[in-house]
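Data block for work_5.cif (mmCIF, C-alpha atoms):
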```
data_input
loop_
_atom_site.label_atom_id
_atom_site.label_comp_id
_atom_site.auth_asym_id
_atom_site.auth_seq_id
_atom_site.Cartn_x
_atom_site.Cartn_y
_atom_site.Cartn_z
CA MET A 851 158.82 268.27 124.99
CA LEU A 852 162.39 268.73 126.23
CA ARG A 853 165.07 266.97 124.20
CA ILE A 854 168.59 266.67 125.64
CA HIS A 855 171.16 265.75 122.99
CA PHE A 856 174.19 263.68 124.05
CA THR A 857 177.52 263.05 122.41
CA GLY A 858 179.81 260.15 123.35
CA VAL A 859 181.74 262.49 125.62
CA ASP A 860 178.52 263.57 127.32
CA LEU A 861 177.61 259.96 128.08
CA ALA A 862 180.98 259.51 129.77
CA ARG A 863 180.26 262.62 131.88
CA VAL A 864 176.77 261.76 133.11
CA ARG A 865 176.77 261.82 136.91
CA MET A 866 174.32 261.52 139.77
CA ALA A 867 174.13 264.23 142.42
CA GLY A 868 175.62 263.09 145.70
CA ARG A 869 172.82 264.50 147.86
CA PRO A 870 169.55 266.42 147.63
CA ASP A 871 170.02 270.04 146.60
CA ALA A 872 168.55 272.20 149.39
CA LEU A 873 167.87 275.20 147.14
CA TRP A 874 166.13 273.16 144.44
CA GLU A 875 164.06 271.39 147.11
CA THR A 876 163.13 274.73 148.68
CA ILE A 877 162.08 276.37 145.42
CA LEU A 878 160.17 273.32 144.19
CA SER A 879 158.47 272.87 147.57
CA PHE A 880 157.08 276.39 147.16
CA HIS A 881 155.29 275.10 144.05
CA ARG A 882 153.94 272.14 146.01
CA LEU A 883 152.69 274.41 148.81
CA ARG A 884 150.38 276.25 146.39
CA ASP A 885 149.38 273.11 144.49
CA ARG A 886 146.31 271.22 145.75
CA ARG A 887 147.25 268.00 144.01
CA ASP A 888 148.97 264.99 145.67
CA ALA A 889 147.05 265.51 148.92
CA ARG A 890 147.95 262.03 150.17
CA LEU A 891 151.64 262.75 149.87
CA PHE A 892 151.76 266.46 150.70
CA GLY A 893 148.55 267.20 152.60
CA GLU A 894 150.01 266.86 156.10
CA TRP A 895 153.19 268.62 155.02
CA ARG A 896 151.18 271.58 153.69
CA THR A 897 149.20 271.86 156.92
CA GLU A 898 152.31 271.73 159.10
CA THR A 899 154.27 274.13 156.90
CA ARG A 900 151.51 276.73 156.77
CA SER A 901 151.17 276.59 160.54
CA ARG A 902 154.88 277.51 160.87
CA LEU A 903 154.91 280.18 158.16
CA ASN A 904 154.55 283.39 160.11
CA SER A 905 156.97 285.34 157.93
CA GLU A 906 156.67 287.24 154.66
CA THR A 907 156.77 285.22 151.42
CA ARG A 908 155.52 287.81 148.93
CA THR A 909 158.93 288.17 147.31
CA LEU A 910 159.17 284.41 146.79
CA GLY A 911 155.64 284.39 145.36
CA MET A 912 156.59 287.15 142.95
CA LEU A 913 159.78 285.41 141.74
CA ILE A 914 158.37 281.86 141.66
CA PRO A 915 155.15 281.81 139.61
CA SER A 916 152.80 278.87 140.04
CA ARG A 917 153.73 277.76 136.53
CA GLY A 918 156.49 278.45 134.08
CA TYR A 919 159.81 280.22 134.32
CA PHE A 920 161.55 281.25 137.52
CA PRO A 921 165.05 282.80 137.61
CA ASP A 922 168.03 280.44 137.35
CA PHE A 923 169.93 282.42 139.98
CA LEU A 924 167.58 281.01 142.65
CA THR A 925 169.13 277.56 142.16
CA PRO A 926 172.90 278.09 141.67
CA VAL A 927 174.91 275.02 140.71
CA GLU A 928 176.85 275.41 143.98
CA GLY A 929 173.71 274.34 145.83
CA GLN A 930 174.64 270.70 145.19
CA TYR A 931 177.36 271.17 147.82
CA GLY A 932 174.99 272.29 150.59
CA TRP A 933 172.56 274.98 151.74
CA ASP A 934 175.19 277.44 153.01
CA VAL A 935 177.36 277.08 149.88
CA GLY A 936 174.32 277.66 147.69
CA LEU A 937 173.30 280.78 149.63
CA ASP A 938 176.83 282.17 149.34
CA ALA A 939 176.61 281.73 145.56
CA LEU A 940 173.23 283.45 145.50
CA ARG A 941 174.60 286.32 147.56
CA GLY A 942 177.38 286.79 144.99
CA ILE A 943 175.13 286.91 141.92
CA ARG A 944 176.29 289.44 139.34
CA PRO A 945 173.94 292.44 138.96
CA GLU A 946 173.74 292.11 135.17
CA ARG A 947 172.76 288.44 135.41
CA MET A 948 170.12 289.16 138.04
CA ARG A 949 168.68 291.98 135.93
CA ARG A 950 168.62 289.82 132.77
CA GLU A 951 166.84 286.91 134.44
CA LEU A 952 164.33 289.13 136.22
CA GLN A 953 163.40 290.69 132.90
CA LEU A 954 162.39 287.25 131.63
CA LEU A 955 159.77 287.09 134.38
CA GLY A 956 157.90 289.98 132.86
CA ALA A 957 158.33 288.96 129.23
CA GLY A 958 155.13 289.11 127.19
CA ALA A 959 152.98 290.74 129.88
CA PRO A 960 152.78 294.04 131.76
CA VAL A 961 155.27 294.05 134.64
CA PRO A 962 153.51 294.31 138.03
CA PRO A 963 154.60 297.37 140.06
CA ARG A 964 156.14 295.28 142.86
CA LEU A 965 158.24 293.29 140.39
CA ARG A 966 159.29 296.52 138.66
CA ASP A 967 160.41 297.94 142.01
CA PHE A 968 162.31 294.75 142.77
CA MET A 969 164.03 294.82 139.37
CA GLU A 970 165.04 298.44 139.84
CA GLY A 971 166.52 297.63 143.24
CA GLY A 972 168.75 294.94 141.73
CA THR A 973 171.18 293.22 144.08
CA LYS A 974 170.16 295.60 146.87
CA GLN A 975 167.06 293.41 147.13
CA LEU A 976 169.10 290.29 147.88
CA PRO A 977 169.06 290.61 151.71
CA ARG A 978 165.26 290.70 151.71
CA LEU A 979 165.05 287.78 149.27
CA MET A 980 167.54 285.69 151.22
CA GLY A 981 165.75 286.45 154.49
CA GLU A 982 162.49 285.14 153.07
CA LEU A 983 164.25 282.15 151.54
CA ARG A 984 165.87 281.20 154.87
CA ALA A 985 162.61 281.59 156.81
CA TYR A 986 160.65 279.56 154.29
CA HIS A 987 163.34 276.83 154.18
CA ARG A 988 163.26 276.53 157.98
CA ALA A 989 159.47 276.09 157.91
CA ALA A 990 158.98 273.95 154.81
CA VAL A 991 162.11 271.89 154.17
CA GLU A 992 164.46 271.74 157.16
CA PRO A 993 162.09 269.74 159.45
CA TYR A 994 161.78 267.06 156.76
CA TRP A 995 165.38 266.93 155.62
CA THR A 996 166.10 263.44 156.95
CA HIS A 997 163.00 262.17 155.16
CA ILE A 998 164.08 263.86 151.90
CA GLN A 999 167.61 262.48 152.18
CA ALA A 1000 166.27 258.94 152.62
CA GLN A 1001 164.31 259.23 149.39
CA ILE A 1002 167.27 260.58 147.41
CA GLU A 1003 169.56 257.88 148.83
CA ALA A 1004 167.10 255.22 147.68
CA GLU A 1005 166.95 256.82 144.23
CA ARG A 1006 170.75 256.95 144.01
CA ALA A 1007 170.99 253.28 144.98
CA ALA A 1008 168.57 252.28 142.21
CA ARG A 1009 170.31 254.40 139.55
CA GLY A 1010 173.74 253.30 140.77
CA ARG A 1011 172.81 249.67 140.26
CA ALA A 1012 171.64 250.46 136.71
CA LEU A 1013 174.93 252.25 136.03
CA LEU A 1014 176.96 249.30 137.30
CA ASP A 1015 174.88 246.81 135.33
CA GLY A 1016 174.88 248.60 131.97
CA GLY A 1017 176.77 251.89 132.10
CA ALA A 1018 175.38 255.34 131.31
CA ASP A 1019 173.07 253.93 128.65
CA GLU A 1020 171.32 251.69 131.19
CA LEU A 1021 171.25 254.50 133.76
CA LEU A 1022 169.42 256.85 131.41
CA ALA A 1023 167.03 254.08 130.33
CA SER A 1024 166.16 253.36 133.98
CA LEU A 1025 164.93 256.87 134.80
CA PRO A 1026 161.24 257.46 135.70
CA PRO A 1027 158.61 257.18 132.92
CA MET A 1028 158.40 260.91 132.12
CA LEU A 1029 162.04 260.59 130.94
CA ARG A 1030 162.58 258.47 127.82
CA TRP A 1031 166.04 257.52 126.57
CA ARG A 1032 166.15 257.22 122.79
CA ALA A 1033 169.88 257.31 122.20
CA PRO A 1034 171.43 259.77 121.71
CA VAL A 1035 168.50 261.90 122.96
CA LEU A 1036 166.81 261.98 126.37
CA GLU A 1037 163.21 263.11 125.91
CA CYS A 1038 161.30 264.64 128.80
CA ASP A 1039 157.70 265.72 129.25
CA TYR A 1040 157.95 269.51 129.45
CA PRO A 1041 155.59 272.49 129.29
CA VAL A 1042 157.40 274.00 126.27
CA ASP A 1043 159.22 272.63 123.23
CA ARG A 1044 162.97 272.90 123.76
CA ASP A 1045 166.29 271.35 122.69
CA VAL A 1046 169.35 271.30 124.95
CA ARG A 1047 172.70 270.36 123.42
CA LEU A 1048 175.26 269.28 126.03
CA ARG A 1049 178.31 269.80 123.76
CA GLY A 1050 180.65 267.63 125.80
CA ARG A 1051 179.75 269.17 129.17
CA GLY A 1052 177.94 266.09 130.47
CA LEU A 1053 174.80 266.18 132.59
CA LEU A 1054 174.18 266.28 136.32
CA LEU A 1055 171.13 264.19 137.26
CA GLN A 1056 169.58 265.68 140.38
CA PRO A 1057 166.76 263.59 141.88
CA SER A 1058 164.30 265.62 143.93
CA PHE A 1059 161.54 264.84 146.42
CA PHE A 1060 159.49 267.97 145.74
CA CYS A 1061 159.81 267.75 141.95
CA ARG A 1062 156.67 266.09 140.61
CA ARG A 1063 155.22 264.98 137.26
CA THR A 1064 157.83 266.66 135.03
CA ALA A 1065 161.56 267.28 135.09
CA VAL A 1066 163.07 270.77 135.42
CA THR A 1067 166.20 272.27 133.92
CA LEU A 1068 167.87 275.66 133.86
CA HIS A 1069 166.69 278.22 131.31
CA ASP A 1070 170.16 279.51 130.37
CA PRO A 1071 171.81 276.98 128.01
CA GLU A 1072 175.27 278.30 128.91
CA LEU A 1073 174.99 277.29 132.58
CA PRO A 1074 176.30 273.85 133.63
CA PRO A 1075 173.63 271.37 132.49
CA VAL A 1076 171.46 269.88 135.23
CA LEU A 1077 168.24 267.87 135.04
CA VAL A 1078 166.14 267.85 138.19
CA TYR A 1079 163.66 264.99 138.10
CA PRO A 1080 161.17 263.33 140.49
CA ALA A 1081 162.75 260.65 142.64
CA ALA A 1082 161.04 257.39 141.73
CA ALA A 1083 160.98 255.96 145.26
CA GLN A 1084 157.49 256.01 146.74
CA LEU A 1085 157.04 256.55 150.46
CA ALA A 1086 155.08 254.29 152.75
CA SER A 1087 154.14 257.51 154.54
CA ALA A 1088 154.23 261.17 153.63
CA PRO A 1089 156.72 263.58 155.25
CA GLY A 1090 155.63 264.75 158.67
CA SER A 1091 157.36 266.26 161.65
CA GLY A 1092 154.41 266.59 164.01
CA GLU A 1093 152.85 264.26 166.57
CA ALA A 1094 151.41 262.01 163.86
CA ALA A 1095 154.86 261.25 162.48
CA ARG A 1096 156.71 260.61 165.75
CA PRO A 1097 154.96 257.39 166.84
CA ILE A 1098 155.82 255.78 163.48
CA GLU A 1099 159.52 256.59 163.91
CA GLU A 1100 159.49 255.47 167.55
CA GLN A 1101 157.87 252.18 166.57
CA ARG A 1102 160.50 251.60 163.88
CA GLN A 1103 163.30 252.24 166.37
CA ARG A 1104 161.78 249.81 168.89
CA THR A 1105 161.32 247.15 166.20
CA LEU A 1106 164.89 247.61 164.96
CA GLY A 1107 166.16 247.34 168.54
CA LYS A 1108 164.31 244.05 169.03
CA LEU A 1109 165.71 242.67 165.78
CA VAL A 1110 169.41 243.53 166.07
CA GLY A 1111 169.70 244.72 169.67
CA HIS A 1112 169.63 248.25 171.01
CA THR A 1113 173.38 248.89 170.75
CA ARG A 1114 173.68 247.56 167.22
CA SER A 1115 170.65 249.58 166.09
CA VAL A 1116 172.40 252.68 167.48
CA VAL A 1117 175.64 251.71 165.71
CA LEU A 1118 173.85 251.07 162.41
CA ARG A 1119 172.17 254.49 162.56
CA ALA A 1120 175.46 256.14 163.54
CA ILE A 1121 177.13 255.04 160.31
CA GLY A 1122 174.99 257.58 158.42
CA ASP A 1123 176.53 258.42 155.06
CA GLY A 1124 179.71 256.59 156.04
CA ALA A 1125 182.02 256.43 159.03
CA THR A 1126 185.44 255.16 160.00
CA THR A 1127 185.64 252.89 163.05
CA SER A 1128 186.80 255.74 165.26
CA GLU A 1129 184.02 258.04 163.99
CA LEU A 1130 181.51 255.25 164.56
CA ALA A 1131 182.69 254.72 168.13
CA ARG A 1132 182.41 258.44 168.86
CA ARG A 1133 178.96 258.81 167.28
CA ALA A 1134 177.52 255.71 168.98
CA GLY A 1135 179.20 256.33 172.33
CA VAL A 1136 180.95 252.95 172.46
CA SER A 1137 184.58 251.87 172.67
CA LEU A 1138 186.72 251.49 169.56
CA ALA A 1139 186.87 247.71 170.04
CA SER A 1140 183.09 247.51 170.49
CA ALA A 1141 182.45 249.59 167.38
CA SER A 1142 184.75 247.32 165.36
CA GLN A 1143 183.05 244.18 166.69
CA HIS A 1144 179.51 245.43 165.98
CA ALA A 1145 180.52 246.56 162.48
CA CYS A 1146 182.00 243.09 161.83
CA VAL A 1147 178.79 241.31 162.89
CA MET A 1148 176.61 243.61 160.77
CA ARG A 1149 178.97 243.22 157.81
CA GLU A 1150 178.60 239.43 158.01
CA ALA A 1151 174.80 239.93 158.13
CA GLY A 1152 174.90 242.01 154.93
CA LEU A 1153 173.86 245.26 156.62
CA VAL A 1154 177.22 247.03 156.31
CA THR A 1155 180.02 247.18 153.76
CA THR A 1156 183.58 247.96 154.83
CA LEU A 1157 186.24 249.40 152.51
CA ARG A 1158 189.85 250.08 153.41
CA ARG A 1159 191.15 253.59 152.71
CA GLY A 1160 194.81 253.91 153.57
CA ASN A 1161 195.27 253.14 157.26
CA ALA A 1162 191.55 253.49 158.01
CA VAL A 1163 188.44 251.57 157.07
CA LEU A 1164 185.17 253.15 155.93
CA HIS A 1165 181.86 251.57 156.88
CA THR A 1166 178.76 252.25 154.77
CA VAL A 1167 175.20 250.96 155.06
CA THR A 1168 174.08 248.52 152.36
CA PRO A 1169 170.64 248.82 150.67
CA LEU A 1170 169.47 246.03 152.99
CA GLY A 1171 170.69 247.97 156.03
CA ALA A 1172 169.15 251.19 154.73
CA ALA A 1173 165.81 249.46 154.17
CA LEU A 1174 165.95 248.07 157.70
CA LEU A 1175 166.58 251.54 159.11
CA LYS A 1176 163.72 253.02 157.12
CA GLY A 1177 161.26 250.25 157.89
CA GLY A 1178 160.95 249.41 154.20
CA ALA A 1179 161.69 246.45 151.99
CA VAL A 1180 164.45 245.73 149.51
CA ALA A 1181 163.29 244.83 146.00
CA SER A 1182 164.60 241.49 144.77
#
```
Starting from the file, give its structure as structure tokens.
Amino acid sequence: MLRIHFTGVDLARVRMAGRPDALWETILSFHRLRDRRDARLFGEWRTETRSRLNSETRTLGMLIPSRGYFPDFLTPVEGQYGWDVGLDALRGIRPERMRRELQLLGAGAPVPPRLRDFMEGGTKQLPRLMGELRAYHRAAVEPYWTHIQAQIEAERAARGRALLDGGADELLASLPPMLRWRAPVLECDYPVDRDVRLRGRGLLLQPSFFCRRTAVTLHDPELPPVLVYPAAAQLASAPGSGEAARPIEEQRQRTLGKLVGHTRSVVLRAIGDGATTSELARRAGVSLASASQHACVMREAGLVTTLRRGNAVLHTVTPLGAALLKGGAVAS
């Protein structure tokens, strides 16, 4: 059992991650690749990923056991700002921290020779590690990134509504069933018994597609607190980038085009995570006046929200619009 202890200040500093963390998704997907469970959800993904994996992954296998501890430095907090930012942080890891965390891998058991050699090499081993990490990410995560983002966006929308309805208390109470809010403690199913005291630092909630069954947190209690947990949204179909996945996406695009018209379906997709009218016109390849008109019609239909920021306006897709794009349904 993991118990996360909150103070009043911590509740005020609870926040949701703004996007999926590429490093967390990459590391956790490596667990899923070796796990035979959840075949319906991950079976096709495993087959496709293995077919693309023609590079070495022995270092990753050595640092990421099938169960239990893996080094915190593999998932730096900077990863929440993007893949490249996270890799830069990993590249700059301090030798003493790397050595300390690697030693925890061998705690309580004889250290395998390859791990001993890696530990002795220290930060000189980083280029090899990062090369494997990049190659694996390109094979296992990058082709599915749009799919992963859609799931995290849906999770954020659900948690955001809970936050607006009842504040941080309601947000924590709305998390998936393996997380139980018994104020002022958040209890989590966990492989070991552990208490984490936030001490006014707050908590970053990081939903994850490849995290399954139990939440994950950093081992070092002095690092910025983060709780990675399984996104609650369930997919109508599993992630896939091959021939089997493409007809589904093509059918959705054709259906969306019939419903709102080809140009407006292009404009709705072009909004993405948010766009000003000029950005929307450029992305969709239409005039500024046309982009403004289409955004107005979709706003009146409840598909788009428009907020004014200074001299510009920012268009964002509503949950209804997002569900339409994804071919799903909006819960009442």
Selection result for the PyMOL selection byres ((chain A and resi 996-1001) around 7) on this file, as a ChimeraX atom specification: /A:870,994-995,1002-1005,1059,1083,1089
Atomic distance CA of Val1046 in chain A - CA of Pro1026 in chain A, expressed in Å with one decimal: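 Calculated distance between CA of Val1046 in chain A and CA of Pro1026 in chain A is 19.3 Å.
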Which residues match the PyMOL selection byres ((chain A and resi 1124-1134) around 10) in the file above, as an MDAnalysis selection string? chainID A and resid 1113:1123 1135:1143 1145 1154:1159 1162:1167
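Taking CA of Gly1050 in chain A and CA of Glu1072 in chain A as endpoints, the distance between them is 12.3 Å.
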Could you write out as a PDB file with C-alpha atoms, in the coordinates of the input the residues that the PyMOL selection byres ((chain A and resi 851-866) around 7) matches in the shown file?
```
ATOM      1  CA  ALA A 867     174.130 264.230 142.420  1.00  0.00           C
ATOM      2  CA  GLY A 868     175.620 263.090 145.700  1.00  0.00           C
ATOM      3  CA  ALA A1018     175.380 255.340 131.310  1.00  0.00           C
ATOM      4  CA  PRO A1034     171.430 259.770 121.710  1.00  0.00           C
ATOM      5  CA  VAL A1035     168.500 261.900 122.960  1.00  0.00           C
ATOM      6  CA  LEU A1036     166.810 261.980 126.370  1.00  0.00           C
ATOM      7  CA  GLU A1037     163.210 263.110 125.910  1.00  0.00           C
ATOM      8  CA  CYS A1038     161.300 264.640 128.800  1.00  0.00           C
ATOM      9  CA  ASP A1039     157.700 265.720 129.250  1.00  0.00           C
ATOM     10  CA  TYR A1040     157.950 269.510 129.450  1.00  0.00           C
ATOM     11  CA  PRO A1041     155.590 272.490 129.290  1.00  0.00           C
ATOM     12  CA  VAL A1042     157.400 274.000 126.270  1.00  0.00           C
ATOM     13  CA  ASP A1043     159.220 272.630 123.230  1.00  0.00           C
ATOM     14  CA  ARG A1044     162.970 272.900 123.760  1.00  0.00           C
ATOM     15  CA  ASP A1045     166.290 271.350 122.690  1.00  0.00           C
ATOM     16  CA  VAL A1046     169.350 271.300 124.950  1.00  0.00           C
ATOM     17  CA  ARG A1047     172.700 270.360 123.420  1.00  0.00           C
ATOM     18  CA  LEU A1048     175.260 269.280 126.030  1.00  0.00           C
ATOM     19  CA  ARG A1049     178.310 269.800 123.760  1.00  0.00           C
ATOM     20  CA  GLY A1050     180.650 267.630 125.800  1.00  0.00           C
ATOM     21  CA  ARG A1051     179.750 269.170 129.170  1.00  0.00           C
ATOM     22  CA  GLY A1052     177.940 266.090 130.470  1.00  0.00           C
ATOM     23  CA  LEU A1053     174.800 266.180 132.590  1.00  0.00           C
ATOM     24  CA  LEU A1054     174.180 266.280 136.320  1.00  0.00           C
ATOM     25  CA  LEU A1055     171.130 264.190 137.260  1.00  0.00           C
ATOM     26  CA  GLN A1056     169.580 265.680 140.380  1.00  0.00           C
TER      27      GLN A1056
END
```
Box centre and edge lengths (Å, one decimal), axis-aligned, range 1109-1121 of chain A plus 6 Å each side, as AutoDock Vina command-line options:
```
--center_x 171.4 --center_y 249.4 --center_z 165.7 --size_x 23.4 --size_y 25.5 --size_z 22.7
```
Near Gly932 in chain A, within 7 Å and counting all atoms listed in the file, which residues show up once chain neighbours fewer than 4 positions away are dropped, as an mmCIF file with C-alpha atoms, in the frame of the given file?
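Contents of the output file part_11.cif:
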```
data_model
loop_
_atom_site.group_PDB
_atom_site.id
_atom_site.type_symbol
_atom_site.label_atom_id
_atom_site.label_comp_id
_atom_site.auth_asym_id
_atom_site.auth_seq_id
_atom_site.Cartn_x
_atom_site.Cartn_y
_atom_site.Cartn_z
ATOM 1 C CA ASP A 871 170.020 270.040 146.600
ATOM 2 C CA ALA A 872 168.550 272.200 149.390
ATOM 3 C CA GLY A 936 174.320 277.660 147.690
#
```
I need the residue nearest Leu878 in chain A from this list: A:Leu1021, A:Leu910, A:Leu1073, A:Ala1172. Use all atoms listed in the file for the distance.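 So, comparing all the options, the nearest one is A:Leu910.
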Tell me which of A:Asn1161, A:Asp967, A:Ala1065, A:Arg882 sits closest to Pro915 in chain A, counting all atoms listed in the file. A:Arg882
